[in-house]
file query.cif (mmCIF, C-alpha atoms)
data_protein
loop_
_atom_site.label_atom_id
_atom_site.label_comp_id
_atom_site.auth_asym_id
_atom_site.auth_seq_id
_atom_site.Cartn_x
_atom_site.Cartn_y
_atom_site.Cartn_z
CA VAL A 28 -11.45 -41.81 -20.65
CA THR A 29 -12.28 -39.62 -23.64
CA GLN A 30 -15.02 -37.89 -21.69
CA ARG A 31 -12.60 -37.26 -18.79
CA ARG A 32 -10.05 -35.74 -21.17
CA ASP A 33 -12.70 -33.54 -22.74
CA THR A 34 -13.77 -32.37 -19.27
CA GLU A 35 -10.19 -31.57 -18.25
CA ARG A 36 -9.58 -29.73 -21.52
CA GLU A 37 -12.73 -27.69 -21.01
CA LYS A 38 -11.65 -26.86 -17.45
CA ASP A 39 -8.23 -25.72 -18.68
CA ASP A 40 -9.86 -23.53 -21.31
CA LEU A 41 -12.12 -21.94 -18.69
CA LEU A 42 -9.14 -21.27 -16.42
CA ARG A 43 -7.26 -19.60 -19.28
CA GLN A 44 -10.30 -17.47 -20.09
CA LYS A 45 -10.61 -16.49 -16.43
CA GLU A 46 -6.93 -15.47 -16.33
CA ILE A 47 -7.31 -13.38 -19.51
CA LEU A 48 -10.41 -11.66 -18.10
CA LEU A 49 -8.61 -10.98 -14.80
CA GLN A 50 -5.64 -9.43 -16.59
CA GLU A 51 -7.94 -7.29 -18.72
CA MET A 52 -9.84 -6.12 -15.64
CA GLN A 53 -6.58 -5.26 -13.86
CA HIS A 54 -5.39 -3.31 -16.89
CA ARG A 55 -8.64 -1.34 -17.07
CA VAL A 56 -8.58 -0.62 -13.32
CA ALA A 57 -4.97 0.60 -13.55
CA ASN A 58 -5.80 2.92 -16.45
CA SER A 59 -8.87 4.26 -14.66
CA LEU A 60 -6.90 5.00 -11.48
CA GLN A 61 -4.24 6.84 -13.47
CA ILE A 62 -6.91 8.95 -15.20
CA ILE A 63 -8.61 9.79 -11.89
CA ALA A 64 -5.27 10.73 -10.30
CA SER A 65 -4.41 12.99 -13.24
CA ILE A 66 -7.80 14.75 -13.07
CA LEU A 67 -7.41 15.35 -9.32
CA LEU A 68 -3.94 16.81 -9.79
CA LEU A 69 -5.07 19.08 -12.63
CA LYS A 70 -8.03 20.26 -10.56
CA ALA A 71 -5.77 21.00 -7.59
CA ARG A 72 -3.73 23.36 -9.77
CA THR A 73 -6.78 25.41 -10.77
CA VAL A 74 -8.76 25.87 -7.54
CA GLN A 75 -8.34 29.07 -5.53
CA SER A 76 -9.04 27.67 -2.07
CA GLU A 77 -5.94 26.36 -0.29
CA GLU A 78 -8.10 24.03 1.82
CA ILE A 79 -9.71 22.47 -1.26
CA ARG A 80 -6.28 22.20 -2.91
CA LEU A 81 -4.95 20.24 0.08
CA HIS A 82 -7.96 17.90 0.00
CA LEU A 83 -7.46 17.28 -3.72
CA HIS A 84 -3.75 16.55 -3.23
CA ASP A 85 -4.68 14.17 -0.40
CA ALA A 86 -7.18 12.39 -2.66
CA HIS A 87 -4.56 12.23 -5.44
CA GLN A 88 -2.04 10.58 -3.12
CA ARG A 89 -4.53 7.97 -2.01
CA VAL A 90 -5.58 7.12 -5.55
CA MET A 91 -1.90 6.77 -6.45
CA SER A 92 -1.36 4.52 -3.43
CA VAL A 93 -4.08 2.15 -4.63
CA ALA A 94 -2.67 2.28 -8.18
CA THR A 95 0.84 1.53 -6.94
CA ALA A 96 -0.31 -1.46 -4.89
CA GLN A 97 -2.49 -2.68 -7.73
CA GLN A 98 0.44 -2.58 -10.15
CA GLN A 99 2.17 -5.23 -8.08
CA LEU A 100 -0.94 -7.41 -8.26
CA GLN A 101 -0.81 -7.33 -12.06
CA ALA A 102 2.40 -9.35 -12.01
CA SER A 103 0.70 -12.28 -10.28
CA GLY A 104 -2.50 -14.26 -10.49
CA LEU A 105 -5.31 -14.11 -7.99
CA ASN A 106 -4.30 -15.63 -4.62
CA GLU A 107 -0.81 -16.53 -5.85
CA SER A 108 2.06 -16.33 -3.36
CA ILE A 109 4.12 -13.11 -3.33
CA GLU A 110 7.45 -12.56 -1.53
CA ILE A 111 6.82 -9.62 0.78
CA GLY A 112 10.38 -8.22 0.86
CA PRO A 113 10.75 -7.57 -2.90
CA TYR A 114 7.11 -6.45 -3.08
CA LEU A 115 7.60 -3.78 -0.39
CA SER A 116 10.92 -2.69 -1.92
CA LYS A 117 9.29 -2.05 -5.31
CA LEU A 118 6.34 -0.34 -3.66
CA CYS A 119 8.49 1.99 -1.54
CA ASP A 120 10.73 2.80 -4.49
CA SER A 121 7.63 3.89 -6.40
CA LEU A 122 6.38 5.92 -3.41
CA ALA A 123 9.74 7.66 -3.05
CA LYS A 124 9.78 8.63 -6.73
CA SER A 125 6.21 9.91 -6.79
CA MET A 126 5.94 11.54 -3.35
CA ILE A 127 9.49 12.66 -2.52
CA GLY A 128 11.55 12.94 -5.70
CA ASP A 129 14.14 15.68 -5.49
CA ARG A 130 11.86 18.04 -3.59
CA ARG A 131 12.65 16.92 -0.02
CA PRO A 132 15.78 15.56 1.73
CA LEU A 133 14.05 12.33 2.75
CA SER A 134 14.52 8.65 1.97
CA ILE A 135 12.54 5.41 2.39
CA LYS A 136 14.38 2.23 3.37
CA VAL A 137 13.02 -1.33 3.45
CA GLN A 138 14.27 -4.07 5.78
CA ALA A 139 12.57 -7.45 5.38
CA THR A 140 13.12 -11.07 6.29
CA SER A 141 11.93 -13.84 4.00
CA GLY A 142 8.21 -14.34 4.01
CA ALA A 143 5.33 -14.66 1.57
CA ALA A 144 1.60 -13.97 1.44
CA ILE A 145 -1.16 -14.47 -1.08
CA SER A 146 -1.60 -11.54 -3.46
CA SER A 147 -4.77 -10.18 -1.81
CA GLU A 148 -3.04 -10.04 1.61
CA ALA A 149 0.10 -8.56 0.06
CA VAL A 150 -1.93 -5.72 -1.45
CA SER A 151 -3.48 -5.02 1.97
CA LEU A 152 0.02 -4.84 3.45
CA GLY A 153 1.03 -2.52 0.61
CA LEU A 154 -1.91 -0.19 1.26
CA ILE A 155 -1.07 -0.12 4.98
CA VAL A 156 2.54 0.78 4.22
CA THR A 157 1.45 3.48 1.79
CA GLU A 158 -0.90 5.10 4.31
CA LEU A 159 1.76 5.06 7.03
CA VAL A 160 4.39 6.48 4.68
CA ILE A 161 1.99 9.25 3.60
CA ASN A 162 1.32 10.02 7.27
CA ALA A 163 5.04 10.19 8.04
CA LEU A 164 5.71 12.47 5.07
CA LYS A 165 2.93 14.79 6.22
CA HIS A 166 3.59 14.96 9.94
CA ALA A 167 7.03 13.63 10.90
CA PHE A 168 9.11 16.35 9.23
CA PRO A 169 7.08 19.57 9.56
CA SER A 170 10.02 21.93 8.93
CA GLY A 171 11.58 20.09 5.99
CA GLU A 172 14.30 18.37 7.99
CA THR A 173 16.52 15.65 6.54
CA GLY A 174 15.14 12.31 7.58
CA GLU A 175 14.51 8.65 6.89
CA ILE A 176 11.45 6.43 6.88
CA VAL A 177 12.15 2.74 7.54
CA VAL A 178 9.69 0.01 6.52
CA SER A 179 10.45 -3.33 8.15
CA TYR A 180 8.81 -6.73 7.80
CA ASP A 181 9.71 -9.62 10.06
CA ALA A 182 8.07 -13.04 9.63
CA ARG A 183 8.04 -15.05 12.85
CA GLY A 184 6.78 -18.60 12.48
CA SER A 185 3.07 -18.37 11.77
CA GLY A 186 3.01 -14.63 12.45
CA TRP A 187 4.60 -11.41 11.25
CA ARG A 188 5.32 -7.83 12.22
CA LEU A 189 5.16 -4.90 9.81
CA SER A 190 6.54 -1.58 11.06
CA VAL A 191 6.94 1.89 9.61
CA SER A 192 9.31 4.17 11.54
CA ASP A 193 10.58 7.70 11.04
CA ASN A 194 13.26 9.75 12.77
CA GLY A 195 11.46 13.08 12.55
CA PRO A 196 10.40 15.28 15.49
CA GLY A 197 6.77 14.92 14.48
CA PRO A 198 3.93 17.22 15.56
CA ALA A 199 4.19 19.30 18.71
CA GLU A 200 2.66 16.63 20.95
CA VAL A 201 2.92 13.08 19.64
CA GLY A 202 0.16 10.87 21.00
CA ASP A 203 -2.47 13.61 21.36
CA GLU A 204 -5.59 13.65 19.23
CA GLY A 205 -4.35 14.69 15.84
CA PRO A 206 -3.27 13.02 12.64
CA GLN A 207 -3.48 9.51 14.08
CA ILE A 208 -7.31 9.68 14.19
CA GLY A 209 -7.66 10.84 10.60
CA LEU A 210 -8.67 8.97 7.47
CA GLY A 211 -5.26 7.31 7.06
CA THR A 212 -5.37 5.78 10.52
CA SER A 213 -8.92 4.55 9.98
CA ILE A 214 -7.81 2.84 6.76
CA VAL A 215 -4.82 1.23 8.49
CA GLU A 216 -7.00 -0.06 11.34
CA ALA A 217 -9.63 -1.44 8.97
CA LEU A 218 -7.04 -3.25 6.82
CA SER A 219 -5.33 -4.59 9.95
CA ARG A 220 -8.60 -6.07 11.18
CA GLN A 221 -9.02 -7.80 7.82
CA LEU A 222 -5.58 -9.37 8.36
CA ASP A 223 -6.45 -10.36 11.96
CA ALA A 224 -3.66 -8.06 13.15
CA THR A 225 -3.31 -5.43 15.86
CA VAL A 226 -1.90 -1.91 15.61
CA GLU A 227 0.67 -0.51 18.03
CA LYS A 228 2.12 2.99 18.03
CA SER A 229 4.99 4.57 19.93
CA GLY A 230 6.45 8.02 19.47
CA GLY A 231 8.60 10.76 20.85
CA PRO A 232 10.98 13.54 19.82
CA GLN A 233 13.28 11.01 18.15
CA GLY A 234 10.61 9.60 15.88
CA THR A 235 7.44 7.54 15.60
CA THR A 236 6.89 3.84 14.94
CA VAL A 237 3.63 2.17 13.95
CA SER A 238 3.59 -1.63 14.00
CA ILE A 239 1.04 -4.06 12.58
CA ILE A 240 1.36 -7.42 14.36
CA ALA A 241 -0.30 -10.73 13.54
CA GLY A 242 -0.27 -14.34 14.69
CA ALA A 243 2.61 -15.72 16.71
CA ALA A 244 4.46 -12.39 16.44
CA ALA A 245 1.67 -10.74 18.41
CA GLU A 246 1.72 -13.47 21.05
CA GLY A 247 5.47 -13.00 21.49
CA CYS A 248 5.19 -9.25 22.14
#
call {"tool": "encode", "arguments": {"input": "query.cif", "output": "C-alpha cells"}}
result
Amino acid sequence: VTQRRDTEREKDDLLRQKEILLQEMQHRVANSLQIIASILLLKARTVQSEEIRLHLHDAHQRVMSVATAQQQLQASGLNESIEIGPYLSKLCDSLAKSMIGDRRPLSIKVQATSGAAISSEAVSLGLIVTELVINALKHAFPSGETGEIVVSYDARGSGWRLSVSDNGPGPAEVGDEGPQIGLGTSIVEALSRQLDATVEKSGGPQGTTVSIIAGAAAEGC
C-alpha cells in the first residue's frame, strides 16, 4: 500500500511538472510570436517597395493569427475540452480590434450553438476562422464599403459545420482563379483535412460563404 501511494504521489508530481513546463512553453511561444509580429510591422514601415510592404503586412497578420489562437490555448491544458462558441467569440473580438479597429466600417459577428472540442482541434478551428476572416477583409470589400462578416458554428450530433460569410461584392468575378487559390486557402484546406472535414464555397454579388463540414453534418448536406 505504501509503495502504491508513493507511486501515485510521484505520478502526480510528474503531471504537475509537465503542466508547469507546458505553461512556460506557451508563455515563451506567445512572447516570441509578439516579437516577430512587431519586427515585421516595423520593417513594413521602412521598406520602399509597395509589393514587399504588402508581403510583410500579410506575414504580420498571419503571425498575429497564430498568436491570437495560441492565447486561447493558454487558458486550458493540453487536450482539455473547450466550448467553441465562447472561444470563437473571443477570437473574433481580438481579430476585429487588431485588423479592423476604427479604420473600416466593418464588423465581425459570431453565431454558435453549443459544442465543444479538445484544445488542439479548437486551435485548428480558430486558425481556419482567422484565415477566412483575413481573406474576407482583403477581398470582399474592395472599395471600403460598409459590411459584416458572420462566423457561425453549428454542432449536429457527431458532426459540425463552421462557416464564414460576408455581404460584400467581392472581386470582379467570384469563383475564378484568384484569391481562393492563395496561401490562405491552402492553409484552410490543410487544416480541414487534419479535422477530417470538407470545404465548400459559394459566392455571388451579395456575398461569399466558405463552410467547413465534418462528420454527420457533412452526411446531411
call {"tool": "atom_distance", "arguments": {"input": "query.cif", "atom1": "CA of Gly197 (chain A)", "atom2": "CA of Pro169 (chain A)"}}
result
6.8 Å
call {"tool": "resolve_selection", "arguments": {"input": "query.cif", "expression": "the PyMOL selection byres ((chain A and resi 189) around 7)", "output": "PDB file with C-alpha atoms, in the frame of the given file"}}
result
ATOM      1  CA  SER A 179      10.450  -3.330   8.150  1.00  0.00           C
ATOM      2  CA  TYR A 180       8.810  -6.730   7.800  1.00  0.00           C
ATOM      3  CA  ASP A 181       9.710  -9.620  10.060  1.00  0.00           C
ATOM      4  CA  TRP A 187       4.600 -11.410  11.250  1.00  0.00           C
ATOM      5  CA  ARG A 188       5.320  -7.830  12.220  1.00  0.00           C
ATOM      6  CA  SER A 190       6.540  -1.580  11.060  1.00  0.00           C
ATOM      7  CA  SER A 238       3.590  -1.630  14.000  1.00  0.00           C
ATOM      8  CA  ILE A 239       1.040  -4.060  12.580  1.00  0.00           C
ATOM      9  CA  ILE A 240       1.360  -7.420  14.360  1.00  0.00           C
TER      10      ILE A 240
END
call {"tool": "resolve_selection", "arguments": {"input": "query.cif", "expression": "the PyMOL selection byres ((chain A and resi 148-163) around 9)", "output": "VMD selection string"}}
result
chain A and resid 88 to 89 92 to 93 95 to 97 99 to 100 106 108 to 111 114 to 115 118 to 119 122 126 135 143 to 147 164 to 168 176 178 189 to 193 195 197 206 to 207 211 to 212 214 to 216 218 to 219 221 to 222 235 237 239
call {"tool": "resolve_selection", "arguments": {"input": "query.cif", "expression": "the PyMOL selection byres ((chain A and resi 64) around 8)", "output": "ChimeraX atom specification"}}
result
/A:60-63,65-68,87-88,90-91
call {"tool": "residues_around", "arguments": {"input": "query.cif", "residues": "region 69-72 of chain A", "least_positions_apart": "4", "cutoff": "8 Å", "atoms": "only C-alpha atoms", "output": "PyMOL selection string"}}
result
chain A and resi 65+79-81+83-84
call {"tool": "atom_distance", "arguments": {"input": "query.cif", "atom1": "CA of Thr225 (chain A)", "atom2": "CA of Ala241 (chain A)"}}
result
6.5 Å
call {"tool": "atom_distance", "arguments": {"input": "query.cif", "atom1": "CA of Thr173 (chain A)", "atom2": "CA of Arg130 (chain A)"}}
result
11.4 Å
call {"tool": "closest_residue", "arguments": {"input": "query.cif", "among": "A:Glu35, A:Glu78, A:Glu172, A:Glu227", "to": "Arg131 (chain A)", "atoms": "only C-alpha atoms"}}
result
A:Glu172
call {"tool": "residues_around", "arguments": {"input": "query.cif", "residues": "Gly174 (chain A)", "least_positions_apart": "4", "cutoff": "7 Å", "atoms": "all atoms listed in the file", "output": "PDB file with C-alpha atoms, keeping the file's coordinate frame"}}
result
ATOM      1  CA  PRO A 132      15.780  15.560   1.730  1.00  0.00           C
ATOM      2  CA  LEU A 133      14.050  12.330   2.750  1.00  0.00           C
ATOM      3  CA  SER A 134      14.520   8.650   1.970  1.00  0.00           C
ATOM      4  CA  ASN A 194      13.260   9.750  12.770  1.00  0.00           C
ATOM      5  CA  GLY A 195      11.460  13.080  12.550  1.00  0.00           C
TER       6      GLY A 195
END
call {"tool": "decode", "arguments": {"input": "query.cif", "residues": "region 169-186 of chain A", "atoms": "N, CA and C atoms", "output": "PDB file, in the first residue's frame"}}
result
ATOM      1  N   PRO A 169     -13.689  45.572 -51.584  1.00  0.00           N
ATOM      2  CA  PRO A 169     -12.555  46.232 -52.244  1.00  0.00           C
ATOM      3  C   PRO A 169     -12.624  47.750 -52.250  1.00  0.00           C
ATOM      4  N   SER A 170     -13.810  48.330 -52.137  1.00  0.00           N
ATOM      5  CA  SER A 170     -13.945  49.787 -52.208  1.00  0.00           C
ATOM      6  C   SER A 170     -14.245  50.420 -50.855  1.00  0.00           C
ATOM      7  N   GLY A 171     -14.035  49.665 -49.776  1.00  0.00           N
ATOM      8  CA  GLY A 171     -14.258  50.215 -48.447  1.00  0.00           C
ATOM      9  C   GLY A 171     -15.709  50.331 -48.050  1.00  0.00           C
ATOM     10  N   GLU A 172     -16.568  49.460 -48.608  1.00  0.00           N
ATOM     11  CA  GLU A 172     -17.986  49.514 -48.273  1.00  0.00           C
ATOM     12  C   GLU A 172     -18.242  49.106 -46.822  1.00  0.00           C
ATOM     13  N   THR A 173     -19.392  49.542 -46.299  1.00  0.00           N
ATOM     14  CA  THR A 173     -19.843  49.048 -45.000  1.00  0.00           C
ATOM     15  C   THR A 173     -20.252  47.596 -45.161  1.00  0.00           C
ATOM     16  N   GLY A 174     -19.881  46.769 -44.208  1.00  0.00           N
ATOM     17  CA  GLY A 174     -20.213  45.360 -44.356  1.00  0.00           C
ATOM     18  C   GLY A 174     -20.081  44.587 -43.066  1.00  0.00           C
ATOM     19  N   GLU A 175     -20.434  43.305 -43.147  1.00  0.00           N
ATOM     20  CA  GLU A 175     -20.410  42.431 -41.979  1.00  0.00           C
ATOM     21  C   GLU A 175     -19.871  41.069 -42.368  1.00  0.00           C
ATOM     22  N   ILE A 176     -19.049  40.521 -41.493  1.00  0.00           N
ATOM     23  CA  ILE A 176     -18.560  39.153 -41.623  1.00  0.00           C
ATOM     24  C   ILE A 176     -19.196  38.338 -40.500  1.00  0.00           C
ATOM     25  N   VAL A 177     -19.832  37.231 -40.868  1.00  0.00           N
ATOM     26  CA  VAL A 177     -20.528  36.391 -39.891  1.00  0.00           C
ATOM     27  C   VAL A 177     -19.821  35.041 -39.794  1.00  0.00           C
ATOM     28  N   VAL A 178     -19.418  34.695 -38.579  1.00  0.00           N
ATOM     29  CA  VAL A 178     -18.808  33.390 -38.297  1.00  0.00           C
ATOM     30  C   VAL A 178     -19.837  32.548 -37.569  1.00  0.00           C
ATOM     31  N   SER A 179     -20.200  31.412 -38.127  1.00  0.00           N
ATOM     32  CA  SER A 179     -21.218  30.562 -37.498  1.00  0.00           C
ATOM     33  C   SER A 179     -20.666  29.161 -37.277  1.00  0.00           C
ATOM     34  N   TYR A 180     -21.080  28.580 -36.156  1.00  0.00           N
ATOM     35  CA  TYR A 180     -20.683  27.213 -35.814  1.00  0.00           C
ATOM     36  C   TYR A 180     -21.918  26.471 -35.362  1.00  0.00           C
ATOM     37  N   ASP A 181     -22.190  25.351 -36.019  1.00  0.00           N
ATOM     38  CA  ASP A 181     -23.395  24.574 -35.723  1.00  0.00           C
ATOM     39  C   ASP A 181     -23.000  23.121 -35.512  1.00  0.00           C
ATOM     40  N   ALA A 182     -23.127  22.632 -34.282  1.00  0.00           N
ATOM     41  CA  ALA A 182     -22.834  21.232 -33.969  1.00  0.00           C
ATOM     42  C   ALA A 182     -24.075  20.394 -34.243  1.00  0.00           C
ATOM     43  N   ARG A 183     -23.894  19.336 -35.016  1.00  0.00           N
ATOM     44  CA  ARG A 183     -25.016  18.461 -35.381  1.00  0.00           C
ATOM     45  C   ARG A 183     -24.672  17.023 -35.038  1.00  0.00           C
ATOM     46  N   GLY A 184     -25.120  16.561 -33.899  1.00  0.00           N
ATOM     47  CA  GLY A 184     -24.836  15.195 -33.491  1.00  0.00           C
ATOM     48  C   GLY A 184     -23.345  14.968 -33.366  1.00  0.00           C
ATOM     49  N   SER A 185     -22.823  14.056 -34.168  1.00  0.00           N
ATOM     50  CA  SER A 185     -21.391  13.763 -34.130  1.00  0.00           C
ATOM     51  C   SER A 185     -20.604  14.620 -35.112  1.00  0.00           C
ATOM     52  N   GLY A 186     -21.283  15.553 -35.783  1.00  0.00           N
ATOM     53  CA  GLY A 186     -20.603  16.403 -36.751  1.00  0.00           C
ATOM     54  C   GLY A 186     -20.796  17.877 -36.458  1.00  0.00           C
TER      55      GLY A 186
END
